[in-house]
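Below: one structure, written as structure tokens.
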Amino acid sequence: MDDGGLGVVRIKPLGVGMSDQGALQASKDVEFCSQSSRLVVDGRQFTYPSHVIAPTMNNQEMYDAFMPNRVEAFLQGINVNIMAYGQTGSGKTHTMFGPPGIMARAAAREFGDEVCPDYGMFPRGLIAIFEAVELMRQSGEAAVLTASAVELANDGNRDMLCPSQVVRDPKEKKVWDSAQLGVALDRSSEPPRLYGMTELTLDGRESLIPVFAGIATRNTAATKMNDASSRSHCFVYLTLRVYDSTADAIRTSRFQFCDLAGSERLEEAHGEACNPFKDGGEVMNGFGTNFTLMMLSSCARQLVEARRKRKMKSFSFRTFLVDLVMLLKESMTGTASTACFVCLSQAPANLSQSKYALDFGEVFANLSMRPEARPREPRKKLVRATRELLQEAEKVAVAAIESLDGPNPEHHTLLAQMTRFGDRPAQPYFQRGRFNA
């Protein structure tokens, strides 16, 4: 399954977006050939790309080249990670989701059930996977497909599918939004995973609409390089659970789509000096973003070096404190089928940033892939773990509420709200040998 997806460079069409800063001619220091995967930037030849994607290749062709095998791997129980990396405005979000505003238009049902030609990797993959799971169900398999979307930002992880007013105190009329409630990473699980966000069951075409709407809420802010720069790492992931009645066990696989925040220079991580307080906050956002990307690159470098020196026993992911590293841990160990798209601008003003992005891609390309199917887990074990988690959550909720305003007869109302899954009461996924999502 190693089709060279760890070393893919996509060249952005010249003059698209503010990041090219009005450039009318490509830099003479950027030379590439898609047929031979040749790439030279500022006199330095990069030999690692397995594929150099020309600006003329559209999203449909990109999908056909890299996604079908990974979709099939996901359906067979292998975890998959797809990520886009590069400077602000180099085409990462276009690659992952499509042009600006495309998800809002999809949420408004502008495209119906059809695949829009401008769709990026995620909406195309979502529709293909949903249709495949529907066929599995029609053939008699018990399968549940869910979706979640989270922003990893300096001020906390945000649930994009439920951005506000998820819990209300009936007495004080106080609302906690999802950022206050928190989406936290569990580092003890394998692989590490996020908890606390909405997990939306995809059980019909209409259930795809809230996913598109959630992604359309992505936080952006103007910079000197782009008028709508992503200020966070965006993770959208699909989870597939398939029940094996013979073994009374569940097979779970996860497909992560990661649109990394722009890796811009700090002096360009904010807009014009019209609001010093706001601009200062954007500078800190830029600093924090670059720090998480630096940690990801450092982890990959150290992992490659540890393998070369055969010192893997002394290597630990726990020394890298940012959530981004842990969520992409399987890509670096190679157990997840991974594709990393490094997006590149041809504009002369972006030459230094282009080299920085390519350096990151070179590190990632030195990793190796050995995708492994996730083991099935006994249904009874999952039911027991779910019940224990619910009991623990209820205890924490009671303690938190009582610490705010003391014993209250309306607590049971709030607790009922806090322990609901969508519009259904919280319950184990699997009961009596079948799915209940």
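Residues in the structure tokens are numbered from 1 in each chain, the chains being A, B, ... in the order shown, and ligands are numbered from 1 in the order shown.
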Original post:
Please, which residues of range 27-122 of chain A, numbered as in this document, come out strand (DSSP E) from DSSP, as a PyMOL selection string?
Top reply: chain A and resi 30-33+38-41+44-45+51-53+80-85
Keeping N, CA and C atoms, export the residues of the selection given above as a PDB file, in the first residue's frame.
ATOM      1  N   VAL A  30      11.776  28.182  -9.293  1.00  0.00           N
ATOM      2  CA  VAL A  30      10.915  27.014  -9.068  1.00  0.00           C
ATOM      3  C   VAL A  30      10.772  26.270 -10.387  1.00  0.00           C
ATOM      4  N   GLU A  31      11.373  25.089 -10.466  1.00  0.00           N
ATOM      5  CA  GLU A  31      11.311  24.262 -11.665  1.00  0.00           C
ATOM      6  C   GLU A  31      10.743  22.892 -11.282  1.00  0.00           C
ATOM      7  N   PHE A  32       9.834  22.396 -12.099  1.00  0.00           N
ATOM      8  CA  PHE A  32       9.260  21.076 -11.796  1.00  0.00           C
ATOM      9  C   PHE A  32       8.835  20.382 -13.074  1.00  0.00           C
ATOM     10  N   CYS A  33       8.774  19.056 -12.968  1.00  0.00           N
ATOM     11  CA  CYS A  33       8.276  18.226 -14.065  1.00  0.00           C
ATOM     12  C   CYS A  33       7.450  17.111 -13.439  1.00  0.00           C
ATOM     13  N   ARG A  38      10.455  15.661 -10.994  1.00  0.00           N
ATOM     14  CA  ARG A  38      11.626  16.511 -10.769  1.00  0.00           C
ATOM     15  C   ARG A  38      11.177  17.823 -10.135  1.00  0.00           C
ATOM     16  N   LEU A  39      11.913  18.271  -9.112  1.00  0.00           N
ATOM     17  CA  LEU A  39      11.572  19.514  -8.430  1.00  0.00           C
ATOM     18  C   LEU A  39      12.847  20.215  -7.961  1.00  0.00           C
ATOM     19  N   VAL A  40      13.034  21.456  -8.422  1.00  0.00           N
ATOM     20  CA  VAL A  40      14.186  22.272  -8.022  1.00  0.00           C
ATOM     21  C   VAL A  40      13.657  23.612  -7.541  1.00  0.00           C
ATOM     22  N   VAL A  41      14.028  23.997  -6.314  1.00  0.00           N
ATOM     23  CA  VAL A  41      13.609  25.270  -5.740  1.00  0.00           C
ATOM     24  C   VAL A  41      14.839  26.008  -5.237  1.00  0.00           C
ATOM     25  N   ARG A  44      18.145  24.208  -5.321  1.00  0.00           N
ATOM     26  CA  ARG A  44      18.232  22.944  -4.582  1.00  0.00           C
ATOM     27  C   ARG A  44      17.252  21.926  -5.163  1.00  0.00           C
ATOM     28  N   GLN A  45      17.771  20.763  -5.508  1.00  0.00           N
ATOM     29  CA  GLN A  45      16.911  19.724  -6.059  1.00  0.00           C
ATOM     30  C   GLN A  45      16.375  18.845  -4.939  1.00  0.00           C
ATOM     31  N   HIS A  51       5.646  11.973  -6.254  1.00  0.00           N
ATOM     32  CA  HIS A  51       4.741  12.574  -7.232  1.00  0.00           C
ATOM     33  C   HIS A  51       4.847  14.091  -7.114  1.00  0.00           C
ATOM     34  N   VAL A  52       4.979  14.774  -8.234  1.00  0.00           N
ATOM     35  CA  VAL A  52       4.870  16.228  -8.287  1.00  0.00           C
ATOM     36  C   VAL A  52       3.618  16.533  -9.106  1.00  0.00           C
ATOM     37  N   ILE A  53       2.611  17.080  -8.437  1.00  0.00           N
ATOM     38  CA  ILE A  53       1.307  17.299  -9.058  1.00  0.00           C
ATOM     39  C   ILE A  53       1.292  18.670  -9.726  1.00  0.00           C
ATOM     40  N   VAL A  80      -6.647   5.282   8.516  1.00  0.00           N
ATOM     41  CA  VAL A  80      -6.110   6.065   7.400  1.00  0.00           C
ATOM     42  C   VAL A  80      -5.986   7.527   7.827  1.00  0.00           C
ATOM     43  N   ASN A  81      -4.890   8.166   7.442  1.00  0.00           N
ATOM     44  CA  ASN A  81      -4.686   9.598   7.669  1.00  0.00           C
ATOM     45  C   ASN A  81      -4.359  10.268   6.346  1.00  0.00           C
ATOM     46  N   ILE A  82      -5.080  11.340   6.041  1.00  0.00           N
ATOM     47  CA  ILE A  82      -4.787  12.177   4.879  1.00  0.00           C
ATOM     48  C   ILE A  82      -4.522  13.575   5.405  1.00  0.00           C
ATOM     49  N   MET A  83      -3.408  14.194   5.029  1.00  0.00           N
ATOM     50  CA  MET A  83      -3.103  15.523   5.552  1.00  0.00           C
ATOM     51  C   MET A  83      -2.570  16.432   4.451  1.00  0.00           C
ATOM     52  N   ALA A  84      -2.790  17.736   4.637  1.00  0.00           N
ATOM     53  CA  ALA A  84      -2.282  18.747   3.722  1.00  0.00           C
ATOM     54  C   ALA A  84      -1.437  19.727   4.516  1.00  0.00           C
ATOM     55  N   TYR A  85      -0.231  20.024   4.013  1.00  0.00           N
ATOM     56  CA  TYR A  85       0.721  20.885   4.715  1.00  0.00           C
ATOM     57  C   TYR A  85       1.237  21.951   3.757  1.00  0.00           C
TER      58      TYR A  85
END
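The shell of residues at most 7 Å from Cys234 in chain A, with only C-alpha atoms counted and near chain neighbours (fewer than 5 positions) removed, consists of Val150, Glu151, Leu152, Cys258, Asp259 and Leu260 of chain A.
Counting from CA of Val115 in chain A, the distance to CA of Leu328 in chain A is 28.2 Å.
Minimum distance to Ala357 in chain A across A:Thr338, A:Ser27, A:Ser36, A:Gln87 (counting only C-alpha atoms) occurs at A:Gln87.
Each of A:Glu392, A:Glu141, A:Glu72, A:Asp203 was compared to Tyr243 in chain A using only C-alpha atoms, and A:Glu141 turns out to be the nearest.
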**OP:** Could you give me, as a PyMOL selection string, the residues within 12 Å of Leu321 in chain A, counting only C-alpha atoms and dropping anything in the same chain fewer than 2 positions from it?
**Re:** chain A and resi 185+187+291-296+298-299+316-319+323-327
Next, dump the selected residues to file, keeping only N, CA and C atoms, as a compact mmCIF listing (two decimals), in the first residue's frame.
# COMPACT_ATOMS: atom_id res chain seq x y z
N LEU A 185 -7.75 15.19 24.65
CA LEU A 185 -7.05 14.05 24.08
C LEU A 185 -6.76 13.02 25.16
N ARG A 187 -4.37 10.32 25.91
CA ARG A 187 -3.08 9.79 25.47
C ARG A 187 -2.89 8.34 25.87
N PHE A 291 4.68 26.42 16.49
CA PHE A 291 5.27 25.55 17.50
C PHE A 291 4.76 24.11 17.33
N THR A 292 3.45 23.94 17.11
CA THR A 292 2.91 22.59 16.96
C THR A 292 3.46 21.93 15.70
N LEU A 293 3.61 22.71 14.62
CA LEU A 293 4.17 22.15 13.39
C LEU A 293 5.64 21.79 13.59
N MET A 294 6.36 22.62 14.36
CA MET A 294 7.76 22.32 14.66
C MET A 294 7.88 21.03 15.46
N MET A 295 6.96 20.83 16.42
CA MET A 295 6.97 19.61 17.21
C MET A 295 6.70 18.38 16.34
N LEU A 296 5.78 18.52 15.38
CA LEU A 296 5.47 17.41 14.48
C LEU A 296 6.70 17.06 13.64
N SER A 298 9.86 17.79 14.34
CA SER A 298 10.91 17.30 15.23
C SER A 298 10.68 15.84 15.59
N CYS A 299 9.44 15.50 15.86
CA CYS A 299 9.11 14.11 16.21
C CYS A 299 9.45 13.17 15.06
N SER A 316 10.22 7.99 22.70
CA SER A 316 8.89 8.09 23.32
C SER A 316 8.12 9.26 22.72
N PHE A 317 6.90 9.01 22.29
CA PHE A 317 6.03 10.07 21.78
C PHE A 317 5.57 10.99 22.90
N ARG A 318 5.63 10.53 24.13
CA ARG A 318 5.10 11.33 25.25
C ARG A 318 5.94 12.57 25.54
N THR A 319 7.13 12.65 24.97
CA THR A 319 7.95 13.85 25.17
C THR A 319 7.47 15.02 24.30
N ASP A 323 -1.15 18.04 21.03
CA ASP A 323 -2.13 17.06 20.57
C ASP A 323 -1.88 16.63 19.13
N LEU A 324 -1.39 17.56 18.30
CA LEU A 324 -1.19 17.27 16.89
C LEU A 324 -0.29 16.05 16.69
N VAL A 325 0.79 15.97 17.44
CA VAL A 325 1.72 14.85 17.30
C VAL A 325 1.04 13.54 17.65
N MET A 326 0.30 13.53 18.75
CA MET A 326 -0.33 12.28 19.19
C MET A 326 -1.40 11.80 18.21
N LEU A 327 -2.16 12.74 17.62
CA LEU A 327 -3.21 12.35 16.70
C LEU A 327 -2.64 11.81 15.38
Original post:
Pick the closest to Pro192 in chain A from A:Leu145, A:Val322, A:Met121, A:Ala347: which is it, counting only C-alpha atoms?
Top reply: A:Val322
Original post:
Of the residues A:Leu367, A:Leu382, A:Met103, A:Ala132, which is the one nearest to Thr333 in chain A, using only C-alpha atoms?
Top reply: A:Leu367
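Going from CA of Ser352 in chain A over to CA of Pro49 in chain A, you cover 18.4 Å.
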**OP:** For range 208-211 of chain A, work out the shell of residues within 12 Å, counting only C-alpha atoms and skipping chain neighbours fewer than 5 positions away, then give it as number ranges by chain.
**Re:** A: 97, 103-113, 122-131, 145-150, 159-163, 198-203, 216-218, 236-238
Original post:
Distance CA of Lys329 in chain A-CA of Asp155 in chain A, one decimal place?
Top reply: 22.5 Å
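Using only C-alpha atoms, the nearest neighbour of Pro117 in chain A within the list A:Ser34, A:Ser90, A:Asn290, A:Gln60 is A:Gln60.
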Original post:
In terms of the shortest atom-to-atom distance over only C-alpha atoms, which of A:Arg241, A:Ala249, A:Ser297, A:Val9 is closest to Phe320 in chain A?
Top reply: A:Ser297
